[in-house]
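S.K.: If it helps, the file is called start-v1.tsv and holds TSV, C-alpha atoms:
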chain	number	residue	atom	x	y	z
A	1434	MET	CA	0.00	0.00	0.00
A	1435	THR	CA	1.37	3.40	-0.97
A	1436	PHE	CA	1.44	5.99	1.78
A	1437	GLU	CA	-0.92	8.90	1.23
A	1438	PRO	CA	-0.96	11.92	3.57
A	1439	LEU	CA	-4.21	12.38	5.45
A	1440	SER	CA	-6.37	15.22	4.18
A	1441	ALA	CA	-6.43	16.54	7.76
A	1442	ASP	CA	-2.61	16.83	7.68
A	1443	PHE	CA	-3.19	20.19	6.02
A	1444	PHE	CA	0.39	21.45	6.37
A	1445	GLY	CA	2.00	18.14	5.37
A	1446	TYR	CA	3.76	17.20	8.61
A	1447	SER	CA	3.97	13.55	7.55
A	1448	GLU	CA	6.63	14.60	5.04
A	1449	LEU	CA	9.01	14.65	8.01
A	1450	LEU	CA	8.87	10.84	8.05
A	1451	SER	CA	11.45	8.68	6.32
A	1452	SER	CA	10.43	6.46	3.41
A	1453	GLU	CA	10.66	3.38	5.65
A	1454	GLU	CA	8.50	5.02	8.29
A	1455	LYS	CA	5.91	5.90	5.66
A	1456	GLU	CA	5.86	2.30	4.47
A	1457	ARG	CA	5.27	1.02	7.98
A	1458	LEU	CA	2.56	3.61	8.56
A	1459	ALA	CA	0.87	2.64	5.28
A	1460	ALA	CA	0.87	-1.05	6.30
A	1461	LEU	CA	-0.65	-0.15	9.67
A	1462	ARG	CA	-3.32	2.01	8.04
A	1463	GLU	CA	-4.23	-0.73	5.59
A	1464	TYR	CA	-4.73	-3.23	8.41
A	1465	LEU	CA	-6.71	-0.82	10.58
A	1466	GLU	CA	-9.01	0.23	7.75
A	1467	ALA	CA	-9.66	-3.35	6.59
A	1468	GLU	CA	-9.80	-5.32	9.83
A	1469	VAL	CA	-10.37	-2.99	12.78
A	1470	LYS	CA	-12.58	-0.12	11.60
A	1471	PRO	CA	-15.45	-2.40	10.50
A	1472	ILE	CA	-15.80	-3.93	13.98
A	1473	VAL	CA	-15.08	-1.15	16.46
A	1474	ASN	CA	-18.57	0.33	16.72
A	1475	ASP	CA	-20.04	-3.03	17.64
A	1476	LEU	CA	-17.19	-3.74	20.08
A	1477	TRP	CA	-17.62	-0.29	21.63
A	1478	GLU	CA	-21.32	-0.89	22.16
A	1479	ARG	CA	-20.65	-4.29	23.77
A	1480	ALA	CA	-17.59	-3.05	25.71
A	1481	GLU	CA	-15.47	-5.93	24.40
A	1482	PHE	CA	-11.81	-6.03	23.43
A	1483	PRO	CA	-10.76	-7.68	20.13
A	1484	HIS	CA	-8.04	-10.00	21.41
A	1485	GLN	CA	-7.37	-11.23	17.88
A	1486	ILE	CA	-5.68	-7.93	16.99
A	1487	ILE	CA	-2.79	-8.46	19.41
A	1488	LYS	CA	-0.95	-10.90	17.16
A	1489	ARG	CA	-1.23	-8.66	14.09
A	1490	LEU	CA	-0.27	-5.50	15.97
A	1491	ALA	CA	2.83	-7.35	17.19
A	1492	GLU	CA	3.65	-8.46	13.64
A	1493	LEU	CA	3.36	-4.85	12.51
A	1494	GLY	CA	5.94	-3.93	15.14
A	1495	LEU	CA	3.70	-1.77	17.31
A	1496	TYR	CA	4.92	-3.39	20.51
A	1497	GLU	CA	8.61	-3.11	19.78
A	1498	PHE	CA	9.46	0.13	18.06
A	1499	ALA	CA	10.05	2.26	21.13
A	1500	TRP	CA	12.74	0.32	22.95
A	1501	LYS	CA	16.26	-0.41	21.77
A	1502	GLU	CA	16.25	-3.94	23.18
A	1503	THR	CA	13.52	-4.93	20.71
A	1504	SER	CA	13.59	-2.38	17.90
A	1505	THR	CA	14.35	-3.63	14.41
A	1506	PHE	CA	15.18	-0.20	13.04
A	1507	GLU	CA	15.97	3.29	14.22
A	1508	ASN	CA	12.66	5.11	14.38
A	1509	SER	CA	11.78	8.64	15.39
A	1510	ALA	CA	9.47	9.91	18.10
A	1511	VAL	CA	7.61	11.71	15.32
A	1512	PHE	CA	6.95	8.33	13.70
A	1513	ARG	CA	5.75	6.87	17.00
A	1514	GLY	CA	3.44	9.86	17.30
A	1515	PHE	CA	1.96	9.26	13.87
A	1516	VAL	CA	1.38	5.63	14.86
A	1517	ALA	CA	-0.62	6.80	17.90
A	1518	LEU	CA	-2.51	9.20	15.62
A	1519	GLU	CA	-3.37	6.47	13.09
A	1520	LEU	CA	-4.58	4.14	15.84
A	1521	ALA	CA	-6.76	6.78	17.51
A	1522	ARG	CA	-8.13	7.96	14.15
A	1523	ILE	CA	-9.69	4.51	13.85
A	1524	ASP	CA	-10.35	3.95	17.56
A	1525	ALA	CA	-9.01	5.61	20.69
A	1526	SER	CA	-9.43	2.41	22.71
A	1527	VAL	CA	-7.03	0.51	20.44
A	1528	ALA	CA	-4.58	3.39	20.71
A	1529	THR	CA	-4.91	3.26	24.49
A	1530	HIS	CA	-4.27	-0.49	24.56
A	1531	VAL	CA	-1.04	-0.01	22.62
A	1532	GLY	CA	-0.05	2.99	24.72
A	1533	VAL	CA	-0.53	1.08	27.97
A	1534	HIS	CA	1.29	-2.06	26.81
A	1535	ASN	CA	4.08	-0.52	24.76
A	1536	GLY	CA	4.44	2.89	26.38
A	1537	LEU	CA	3.62	2.49	30.05
A	1538	ALA	CA	4.33	-1.18	30.81
A	1539	MET	CA	7.27	-1.75	28.46
A	1540	GLY	CA	8.40	1.80	29.10
A	1541	SER	CA	8.55	1.17	32.85
A	1542	ILE	CA	10.77	-1.86	32.33
A	1543	SER	CA	12.94	-0.05	29.81
A	1544	VAL	CA	13.37	3.10	31.90
A	1545	ALA	CA	13.44	1.63	35.41
A	1546	GLY	CA	14.37	-2.02	34.92
A	1547	SER	CA	17.78	-3.64	35.04
A	1548	ALA	CA	19.52	-5.00	31.95
A	1549	GLU	CA	18.44	-8.49	33.00
A	1550	GLN	CA	14.81	-7.44	33.40
A	1551	ARG	CA	14.81	-5.72	30.03
A	1552	ALA	CA	16.30	-8.78	28.37
A	1553	GLU	CA	13.78	-11.11	30.01
A	1554	TRP	CA	10.54	-9.20	29.51
A	1555	LEU	CA	10.77	-6.77	26.59
A	1556	PRO	CA	11.23	-9.35	23.80
A	1557	LYS	CA	8.24	-11.36	25.06
A	1558	MET	CA	6.12	-8.23	25.24
A	1559	ALA	CA	7.25	-7.15	21.77
A	1560	THR	CA	5.85	-10.33	20.21
A	1561	GLY	CA	2.59	-10.15	22.16
A	1562	GLU	CA	3.44	-13.33	24.07
A	1563	VAL	CA	3.16	-11.29	27.28
A	1564	THR	CA	0.66	-8.43	27.68
A	1565	GLY	CA	1.38	-5.69	30.17
A	1566	ALA	CA	-0.60	-3.22	32.27
A	1567	PHE	CA	0.47	-0.23	34.37
A	1568	GLY	CA	-0.81	0.19	37.93
A	1569	LEU	CA	-0.32	3.69	39.31
A	1570	THR	CA	-3.76	5.29	39.82
A	1571	GLU	CA	-5.67	4.30	42.95
A	1572	PRO	CA	-9.30	4.75	44.07
A	1573	ASP	CA	-8.26	7.65	46.30
A	1574	SER	CA	-5.08	8.74	44.53
A	1575	GLY	CA	-4.95	10.07	40.98
A	1576	SER	CA	-3.52	13.52	40.47
A	1577	ASP	CA	-1.69	13.32	43.82
A	1578	SER	CA	0.12	10.06	43.03
A	1579	ALA	CA	3.49	11.61	43.79
A	1580	GLN	CA	2.54	11.91	47.45
A	1581	GLY	CA	-0.76	10.13	47.93
A	1582	LEU	CA	-0.07	6.49	47.03
A	1583	ARG	CA	-1.63	4.19	49.61
A	1584	THR	CA	-0.42	0.88	48.17
A	1585	VAL	CA	2.41	-0.25	50.43
A	1586	ALA	CA	5.39	-2.49	49.71
A	1587	THR	CA	6.96	-4.10	52.79
A	1588	ARG	CA	10.31	-5.89	52.60
A	1589	ASP	CA	10.30	-9.48	53.86
A	1590	GLY	CA	13.69	-11.06	53.36
A	1591	ASP	CA	14.23	-11.63	49.65
A	1592	ASP	CA	10.60	-10.71	48.89
A	1593	TRP	CA	8.27	-7.75	49.03
A	1594	ILE	CA	4.69	-7.92	50.28
A	1595	LEU	CA	2.26	-5.64	48.42
A	1596	ASN	CA	-1.02	-4.46	49.91
A	1597	GLY	CA	-3.40	-1.90	48.43
A	1598	SER	CA	-5.61	-1.24	45.44
A	1599	LYS	CA	-5.45	0.31	41.97
A	1600	ARG	CA	-8.17	1.72	39.72
A	1601	TRP	CA	-8.67	2.48	36.02
A	1602	ILE	CA	-5.91	0.06	35.00
A	1603	GLY	CA	-6.11	-0.55	31.25
A	1604	ASN	CA	-5.50	-4.06	29.86
A	1605	ALA	CA	-5.68	-5.36	33.43
A	1606	THR	CA	-8.48	-7.90	32.91
A	1607	PHE	CA	-6.25	-9.93	30.59
A	1608	SER	CA	-2.67	-8.78	31.22
A	1609	ASP	CA	0.01	-11.32	32.08
A	1610	ILE	CA	1.99	-8.81	34.13
A	1611	THR	CA	1.14	-5.48	35.71
A	1612	ILE	CA	3.68	-2.86	36.73
A	1613	ILE	CA	2.61	-1.95	40.26
A	1614	TRP	CA	3.88	1.27	41.81
A	1615	ALA	CA	3.85	1.22	45.61
A	1616	LYS	CA	5.28	3.20	48.49
A	1617	SER	CA	8.03	1.44	50.40
A	1618	ALA	CA	7.34	0.97	54.10
A	1619	GLU	CA	11.09	1.30	54.67
A	1620	ASP	CA	11.96	4.65	53.13
A	1621	GLY	CA	8.61	6.05	51.94
A	1622	GLN	CA	9.81	6.17	48.34
A	1623	VAL	CA	7.75	4.97	45.37
A	1624	LYS	CA	9.07	1.76	43.83
A	1625	GLY	CA	7.99	-0.29	40.84
A	1626	PHE	CA	7.31	-4.04	40.72
A	1627	ILE	CA	6.70	-6.49	37.89
A	1628	VAL	CA	3.76	-8.48	39.22
A	1629	LYS	CA	2.57	-11.63	37.50
A	1630	THR	CA	-1.21	-11.51	37.46
A	1631	ASP	CA	-1.57	-15.14	38.56
A	1632	THR	CA	0.20	-14.36	41.84
A	1633	PRO	CA	-1.93	-15.29	44.87
A	1634	GLY	CA	-3.67	-12.25	46.36
A	1635	TYR	CA	-3.82	-10.35	43.04
A	1636	THR	CA	-7.36	-9.73	41.78
A	1637	ALA	CA	-8.50	-7.68	38.77
A	1638	THR	CA	-12.19	-6.83	38.35
A	1639	LYS	CA	-13.51	-5.16	35.20
A	1640	ILE	CA	-14.99	-1.69	35.64
A	1641	GLU	CA	-18.49	-1.70	34.19
A	1642	GLY	CA	-20.71	1.13	32.98
A	1643	LYS	CA	-18.09	3.28	31.26
A	1644	GLN	CA	-19.32	5.73	28.64
A	1645	ALA	CA	-15.89	6.37	27.08
A	1646	LEU	CA	-13.12	4.07	25.83
A	1647	ARG	CA	-15.54	1.19	26.26
A	1648	ILE	CA	-13.30	-1.21	24.34
A	1649	VAL	CA	-10.47	-0.69	26.84
A	1650	GLN	CA	-10.71	-3.27	29.59
A	1651	ASN	CA	-10.13	-1.13	32.67
A	1652	ALA	CA	-10.00	-2.90	36.02
A	1653	ASP	CA	-9.97	-2.37	39.73
A	1654	ILE	CA	-7.01	-4.24	41.17
A	1655	THR	CA	-6.86	-5.55	44.73
A	1656	LEU	CA	-3.52	-6.55	46.26
A	1657	GLU	CA	-3.77	-8.65	49.39
A	1658	ASN	CA	-0.39	-9.81	50.71
A	1659	VAL	CA	0.92	-10.24	47.17
A	1660	ARG	CA	4.43	-11.66	47.46
A	1661	VAL	CA	6.91	-10.40	44.85
A	1662	PRO	CA	10.59	-11.44	44.73
A	1663	GLU	CA	13.22	-8.71	44.95
A	1664	ALA	CA	14.30	-9.82	41.47
A	1665	MET	CA	10.94	-8.57	40.20
A	1666	ARG	CA	11.36	-5.10	41.67
A	1667	LEU	CA	12.34	-2.59	39.00
A	1668	GLN	CA	15.95	-2.14	39.98
A	1669	ASN	CA	16.18	1.46	38.78
A	1670	GLY	CA	12.75	2.54	39.97
A	1671	ASN	CA	13.47	3.99	43.38
A	1672	SER	CA	11.38	7.17	43.56
A	1673	PHE	CA	8.43	8.88	41.92
A	1674	ARG	CA	10.96	10.72	39.78
A	1675	ASP	CA	11.54	7.43	37.95
A	1676	THR	CA	7.79	6.93	37.52
A	1677	ALA	CA	7.51	10.46	36.13
A	1678	ALA	CA	10.25	9.68	33.60
A	1679	VAL	CA	7.98	7.01	32.11
A	1680	LEU	CA	4.97	9.35	32.06
A	1681	ARG	CA	6.99	12.06	30.34
A	1682	LEU	CA	7.72	9.68	27.47
A	1683	THR	CA	4.10	8.62	27.04
A	1684	ARG	CA	2.23	11.87	27.77
A	1685	ALA	CA	3.15	13.36	24.41
A	1686	GLU	CA	1.78	10.29	22.64
A	1687	VAL	CA	-1.55	10.81	24.42
A	1688	ALA	CA	-1.54	14.26	22.82
A	1689	TRP	CA	-0.93	12.58	19.46
A	1690	ALA	CA	-3.84	10.23	20.15
A	1691	ALA	CA	-6.03	13.26	20.88
A	1692	VAL	CA	-5.17	14.62	17.45
A	1693	GLY	CA	-5.99	11.24	15.91
A	1694	ASN	CA	-9.32	11.11	17.71
A	1695	SER	CA	-10.09	14.59	16.40
A	1696	ILE	CA	-9.21	13.52	12.86
A	1697	GLY	CA	-11.44	10.46	13.13
A	1698	ALA	CA	-14.42	12.68	13.96
A	1699	TYR	CA	-13.42	15.27	11.35
A	1700	ASP	CA	-13.08	12.70	8.56
A	1701	ALA	CA	-16.51	11.32	9.39
A	1702	ALA	CA	-18.04	14.80	9.45
A	1703	VAL	CA	-16.56	15.74	6.08
A	1704	ARG	CA	-17.77	12.48	4.54
A	1705	TYR	CA	-21.26	12.82	6.00
A	1706	THR	CA	-21.79	16.47	5.12
A	1707	LYS	CA	-20.83	15.86	1.50
A	1708	GLN	CA	-23.44	13.11	1.25
A	1709	ARG	CA	-26.27	14.49	3.40
A	1710	VAL	CA	-28.72	16.46	1.26
A	1711	GLN	CA	-31.05	19.09	2.74
A	1712	PHE	CA	-32.90	21.86	0.95
A	1713	GLY	CA	-31.89	20.29	-2.33
A	1714	LYS	CA	-28.10	20.28	-1.89
A	1715	PRO	CA	-25.37	18.69	0.25
A	1716	ILE	CA	-25.13	20.37	3.64
A	1717	ALA	CA	-21.37	20.71	3.06
A	1718	SER	CA	-22.26	23.53	0.65
A	1719	HIS	CA	-23.76	25.61	3.46
A	1720	GLN	CA	-21.64	28.31	5.08
A	1721	LEU	CA	-22.35	27.31	8.68
A	1722	ILE	CA	-21.29	23.70	8.06
A	1723	GLN	CA	-18.09	24.84	6.35
A	1724	ASP	CA	-17.39	27.06	9.35
A	1725	LEU	CA	-17.60	24.04	11.69
A	1726	LEU	CA	-15.30	22.01	9.45
A	1727	VAL	CA	-12.74	24.79	9.07
A	1728	LYS	CA	-12.65	25.43	12.83
A	1729	SER	CA	-12.13	21.71	13.35
A	1730	LEU	CA	-9.30	21.59	10.83
A	1731	GLY	CA	-7.71	24.62	12.46
A	1732	ASN	CA	-7.67	22.89	15.84
A	1733	ILE	CA	-6.23	19.73	14.30
A	1734	THR	CA	-3.53	21.64	12.42
A	1735	ALA	CA	-2.45	23.71	15.43
A	1736	SER	CA	-2.36	20.65	17.68
A	1737	LEU	CA	-0.47	18.60	15.10
A	1738	GLY	CA	2.18	21.29	14.81
A	1739	MET	CA	2.63	21.27	18.58
A	1740	VAL	CA	2.92	17.49	18.97
A	1741	VAL	CA	5.32	17.23	16.04
A	1742	GLN	CA	7.63	19.76	17.66
A	1743	VAL	CA	7.42	18.08	21.06
A	1744	SER	CA	8.36	14.74	19.48
A	1745	LYS	CA	11.24	16.34	17.58
A	1746	MET	CA	12.46	17.70	20.92
A	1747	LEU	CA	12.28	14.18	22.36
A	1748	ASP	CA	14.42	12.91	19.48
A	1749	GLU	CA	16.90	15.71	20.16
A	1750	GLY	CA	16.97	15.09	23.91
A	1751	THR	CA	15.57	18.54	24.77
A	1752	GLN	CA	11.99	17.65	25.75
A	1753	ARG	CA	11.10	18.35	29.39
A	1754	ASP	CA	8.02	17.69	31.53
A	1755	GLU	CA	6.54	21.09	30.78
A	1756	HIS	CA	6.76	20.51	27.02
A	1757	SER	CA	4.80	17.24	26.99
A	1758	ALA	CA	2.41	18.66	29.62
A	1759	LEU	CA	1.55	21.66	27.44
A	1760	ALA	CA	1.06	19.46	24.39
A	1761	LYS	CA	-1.25	17.10	26.27
A	1762	ALA	CA	-3.27	19.91	27.86
A	1763	TYR	CA	-3.63	21.86	24.63
A	1764	ALA	CA	-4.30	19.00	22.21
A	1765	THR	CA	-6.93	17.38	24.41
A	1766	ALA	CA	-8.72	20.69	25.02
A	1767	ARG	CA	-8.84	21.39	21.29
A	1768	MET	CA	-10.00	17.81	20.69
A	1769	ARG	CA	-13.00	18.41	22.94
A	1770	GLU	CA	-14.00	21.40	20.84
A	1771	THR	CA	-13.39	19.57	17.58
A	1772	VAL	CA	-15.43	16.46	18.29
A	1773	ALA	CA	-18.29	18.67	19.52
A	1774	TRP	CA	-18.27	20.68	16.29
A	1775	CYS	CA	-18.17	17.48	14.23
A	1776	ARG	CA	-21.08	16.04	16.18
A	1777	GLU	CA	-22.97	19.28	15.62
A	1778	ALA	CA	-22.39	19.05	11.86
A	1779	LEU	CA	-24.18	15.68	11.82
A	1780	GLY	CA	-27.23	16.92	13.72
A	1781	GLY	CA	-29.14	14.10	15.38
A	1782	ASN	CA	-27.15	11.46	13.51
A	1783	GLY	CA	-24.09	12.64	15.39
A	1784	ILE	CA	-25.13	10.60	18.43
A	1785	VAL	CA	-25.57	7.34	16.50
A	1786	LEU	CA	-22.59	4.98	16.39
A	1787	GLU	CA	-22.93	4.01	12.72
A	1788	TYR	CA	-22.00	7.52	11.59
A	1789	ASP	CA	-18.58	7.28	13.30
A	1790	VAL	CA	-18.64	10.52	15.27
A	1791	ALA	CA	-20.44	9.53	18.48
A	1792	ARG	CA	-17.66	7.16	19.57
A	1793	HIS	CA	-14.94	9.77	19.03
A	1794	PHE	CA	-17.13	12.33	20.83
A	1795	ALA	CA	-17.51	10.10	23.89
A	1796	ASP	CA	-13.92	8.81	23.93
A	1797	ALA	CA	-12.59	12.36	23.95
A	1798	GLU	CA	-13.66	12.72	27.58
A	1799	ALA	CA	-11.33	9.93	28.68
A	1800	LEU	CA	-8.36	11.20	26.67
A	1801	TYR	CA	-8.97	14.64	28.16
A	1802	SER	CA	-8.62	13.28	31.70
A	1803	TYR	CA	-6.18	10.38	31.76
A	1804	GLU	CA	-2.41	10.56	32.07
A	1805	GLY	CA	-2.63	13.95	33.70
A	1806	THR	CA	-5.77	16.09	33.71
A	1807	ARG	CA	-5.70	19.41	31.91
A	1808	GLU	CA	-5.48	21.16	35.28
A	1809	MET	CA	-2.48	19.14	36.49
A	1810	ASN	CA	-0.63	19.59	33.21
A	1811	THR	CA	-1.41	23.30	33.39
A	1812	LEU	CA	0.24	23.45	36.81
A	1813	ILE	CA	3.35	21.73	35.47
A	1814	VAL	CA	3.63	24.41	32.79
A	1815	GLY	CA	2.67	27.17	35.22
A	1816	ARG	CA	5.49	26.15	37.55
A	1817	LYS	CA	7.95	26.51	34.69
A	1818	ILE	CA	6.56	29.91	33.67
A	1819	THR	CA	6.46	31.49	37.12
A	1820	GLY	CA	8.89	29.51	39.23
A	1821	PHE	CA	6.11	28.82	41.74
A	1822	ALA	CA	4.57	25.42	42.40
A	1823	ALA	CA	0.81	25.81	42.80
A	1824	PHE	CA	-0.19	22.17	43.15
A	1825	VAL	CA	-1.77	22.64	46.59
How does the structure come out when it is put into structure tokens?
M.R.:
Amino acid sequence: MTFEPLSADFFGYSELLSSEEKERLAALREYLEAEVKPIVNDLWERAEFPHQIIKRLAELGLYEFAWKETSTFENSAVFRGFVALELARIDASVATHVGVHNGLAMGSISVAGSAEQRAEWLPKMATGEVTGAFGLTEPDSGSDSAQGLRTVATRDGDDWILNGSKRWIGNATFSDITIIWAKSAEDGQVKGFIVKTDTPGYTATKIEGKQALRIVQNADITLENVRVPEAMRLQNGNSFRDTAAVLRLTRAEVAWAAVGNSIGAYDAAVRYTKQRVQFGKPIASHQLIQDLLVKSLGNITASLGMVVQVSKMLDEGTQRDEHSALAKAYATARMRETVAWCREALGGNGIVLEYDVARHFADAEALYSYEGTREMNTLIVGRKITGFAAFV
């Protein structure tokens, strides 16, 4: 399949990609359009995850391209961003699954694990043999995770005993391992653990009744005297600073996913308004509809420019917390506007799944909130601007 720039890439940012990256992106797009897009509305309505896609996503390299222990070629952060965009353009839940497994779970092992841990786990996760989840958020601790973690890790000889609970953990109903972040009873520092999900005392229960990212299998996790060997503690994860290093790498890709979710709604709105006839002509020929589409494209273009630059900074080693925080806060806020305008362009049909806007409209609320709310990311940027921390 020949790579074609998306019509919503109005300024041609995909031209920054190498020819090999374009080929890989084209292969991913072909698969998503043929095999995933036709089934996602039904899966979203039934809140089911398509487990059959894991093997193909692994074959396409989506679980290995970020980490040097598994990567088959040198790829850019801009390319990884476009992958997140392509996934979310089709379905934000699928993008979230990949982000959790590849970015958060594999990222934790890559950033905070030892060489031995990376060699043991990353290749298995790259092939899809092992699926990962990331356990940081708790029922009573979300934005204040740096200080408010209540899950406790207590040293017991050569083991650690974990007690506590986690909430909103993606992939957790079927993951083979979950990275659990807990506060050490010894020094009060946050530490990471690779926990096999068949360990006695570990329980994951699916969260029901979600109205966004319904395909993502989020779970409540209960840890009751879960015994984890010291060898399964992330050897370089010794404070929340190490946890934050993982989040910094993935937060920008959530911003990319927000752009992709916006494009998914925009593409559907353009297609619909060209076909929908009222008053004897397509509604796309009316000024007010064109205004909605142009405003949507403006948001997409501005956000795309920001996330491209943030990813280029990551490639150059100059990206900092405040850069990814601003991109995430801005892109998700503009996404909220965009999906609302696209829904408006479809009138009543905008709330029906078959027209491909309603799902993007609903999923936007989850992207807006997870991996740092807009308010928390604003405070990260505000601290950089003013020199004052205003978190409490």
S.K.: Report as a PyMOL selection string all protein, DNA and RNA residues lying within 9 Å of region 1516-1518 of chain A, evaluated on all atoms listed in the file, omitting residues in the same chain fewer than 4 positions from it.
M.R.: chain A and resi 1458+1461+1495+1511-1512+1522-1523+1525+1528-1529+1531-1532+1686-1694+1696
S.K.: Write a file of the just-selected residues containing C-alpha atoms, as a PDB file, in the coordinates of the input.
M.R.:
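Saved as selection24.pdb:
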ATOM      1  CA  LEU A1458       2.560   3.610   8.560  1.00  0.00           C
ATOM      2  CA  LEU A1461      -0.650  -0.150   9.670  1.00  0.00           C
ATOM      3  CA  LEU A1495       3.700  -1.770  17.310  1.00  0.00           C
ATOM      4  CA  VAL A1511       7.610  11.710  15.320  1.00  0.00           C
ATOM      5  CA  PHE A1512       6.950   8.330  13.700  1.00  0.00           C
ATOM      6  CA  ARG A1522      -8.130   7.960  14.150  1.00  0.00           C
ATOM      7  CA  ILE A1523      -9.690   4.510  13.850  1.00  0.00           C
ATOM      8  CA  ALA A1525      -9.010   5.610  20.690  1.00  0.00           C
ATOM      9  CA  ALA A1528      -4.580   3.390  20.710  1.00  0.00           C
ATOM     10  CA  THR A1529      -4.910   3.260  24.490  1.00  0.00           C
ATOM     11  CA  VAL A1531      -1.040  -0.010  22.620  1.00  0.00           C
ATOM     12  CA  GLY A1532      -0.050   2.990  24.720  1.00  0.00           C
ATOM     13  CA  GLU A1686       1.780  10.290  22.640  1.00  0.00           C
ATOM     14  CA  VAL A1687      -1.550  10.810  24.420  1.00  0.00           C
ATOM     15  CA  ALA A1688      -1.540  14.260  22.820  1.00  0.00           C
ATOM     16  CA  TRP A1689      -0.930  12.580  19.460  1.00  0.00           C
ATOM     17  CA  ALA A1690      -3.840  10.230  20.150  1.00  0.00           C
ATOM     18  CA  ALA A1691      -6.030  13.260  20.880  1.00  0.00           C
ATOM     19  CA  VAL A1692      -5.170  14.620  17.450  1.00  0.00           C
ATOM     20  CA  GLY A1693      -5.990  11.240  15.910  1.00  0.00           C
ATOM     21  CA  ASN A1694      -9.320  11.110  17.710  1.00  0.00           C
ATOM     22  CA  ILE A1696      -9.210  13.520  12.860  1.00  0.00           C
TER      23      ILE A1696
END
S.K.: Between A:Leu1555, A:Asp1475, A:Ala1605, A:Ala1480, which has the minimum distance to Glu1641 (chain A) (counting all atoms listed in the file)?
M.R.: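 Closest to Glu1641 (chain A) of all the choices is A:Ala1480.
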S.K.: Quick check, in Å to one decimal: how far apart do CA of Asn1604 (chain A) and CA of Gln1650 (chain A) lie?
M.R.: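 Atom-to-atom, CA of Asn1604 (chain A) to CA of Gln1650 (chain A), that is 5.3 Å.
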S.K.: CA of Ser1608 (chain A) and CA of Ile1654 (chain A) are how many Å apart?
M.R.: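 Atom-to-atom, CA of Ser1608 (chain A) and CA of Ile1654 (chain A) are spaced 11.8 Å apart.
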S.K.: Record the distance separating CA of Val1628 (chain A) and CA of Met1665 (chain A), expressed in Å with one decimal.
M.R.: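 Calculated distance between CA of Val1628 (chain A) and CA of Met1665 (chain A) is 7.2 Å.
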S.K.: Out of A:Ser1598, A:Thr1683, A:Thr1587, A:Thr1606, which residue has the shortest atom-to-atom distance to Val1661 (chain A) when counting all atoms listed in the file?
M.R.: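 Nearest candidate to Val1661 (chain A) out of A:Ser1598, A:Thr1683, A:Thr1587, A:Thr1606: A:Thr1587.
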S.K.: Residues at most 9 Å from Val1469 (chain A), counting all atoms listed in the file, excluding those fewer than 3 positions away in the same chain, as a list in words?
M.R.: Tyr1464, Leu1465, Glu1466, Ile1472, Val1473, Pro1483, Ile1486, Ile1523 and Asp1524 of chain A
S.K.: Using all atoms listed in the file, determine which residues lie at most 9 Å from Ser1718 (chain A), disregarding the query and same-chain residues fewer than 5 positions distant; provide the list as an mmCIF file with C-alpha atoms, in the frame of the given file.
M.R.:
data_model
loop_
_atom_site.group_PDB
_atom_site.id
_atom_site.type_symbol
_atom_site.label_atom_id
_atom_site.label_comp_id
_atom_site.auth_asym_id
_atom_site.auth_seq_id
_atom_site.Cartn_x
_atom_site.Cartn_y
_atom_site.Cartn_z
ATOM 1 C CA THR A 1706 -21.790 16.470 5.120
ATOM 2 C CA LYS A 1707 -20.830 15.860 1.500
ATOM 3 C CA GLN A 1723 -18.090 24.840 6.350
#
S.K.: Which one is closest to Val1544 (chain A): A:Glu1770, A:Ala1822, A:Ala1677, A:Glu1798? Count all atoms listed in the file.
M.R.: A:Ala1677
S.K.: Pull the closest atom pair for each residue of region 1558-1664 of chain A that gets at most 8 Å from region 1490-1493 of chain A, along with the distance in Å to one decimal, counting all atoms listed in the file, ordering rows by chain and then ascending residue number, as a Markdown table.
M.R.:
| residue | atom | partner | partner_atom | distance |
| --- | --- | --- | --- | --- |
| A:Ala1559 | CA | A:Ala1491 | CA | 6.4 |
| A:Thr1560 | CA | A:Ala1491 | CA | 5.2 |
| A:Gly1561 | CA | A:Ala1491 | CA | 5.7 |
S.K.: When you look at Ser1541 (chain A) with a cut-off of 9 Å (counting only C-alpha atoms), what residues show up, excluding the ones that are within fewer than 5 positions of it in the same chain? I need them as an MDAnalysis selection string.
M.R.: chainID A and resid 1536 1546 1567 1612 1625 1667 1670 1675:1676 1678:1680
S.K.: Find the residue from A:Gly1780, A:Lys1745, A:Arg1769, A:Glu1755 that sits nearest to Ile1722 (chain A); use all atoms listed in the file when measuring.
M.R.: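 Selected residue with least distance to Ile1722 (chain A): A:Gly1780.
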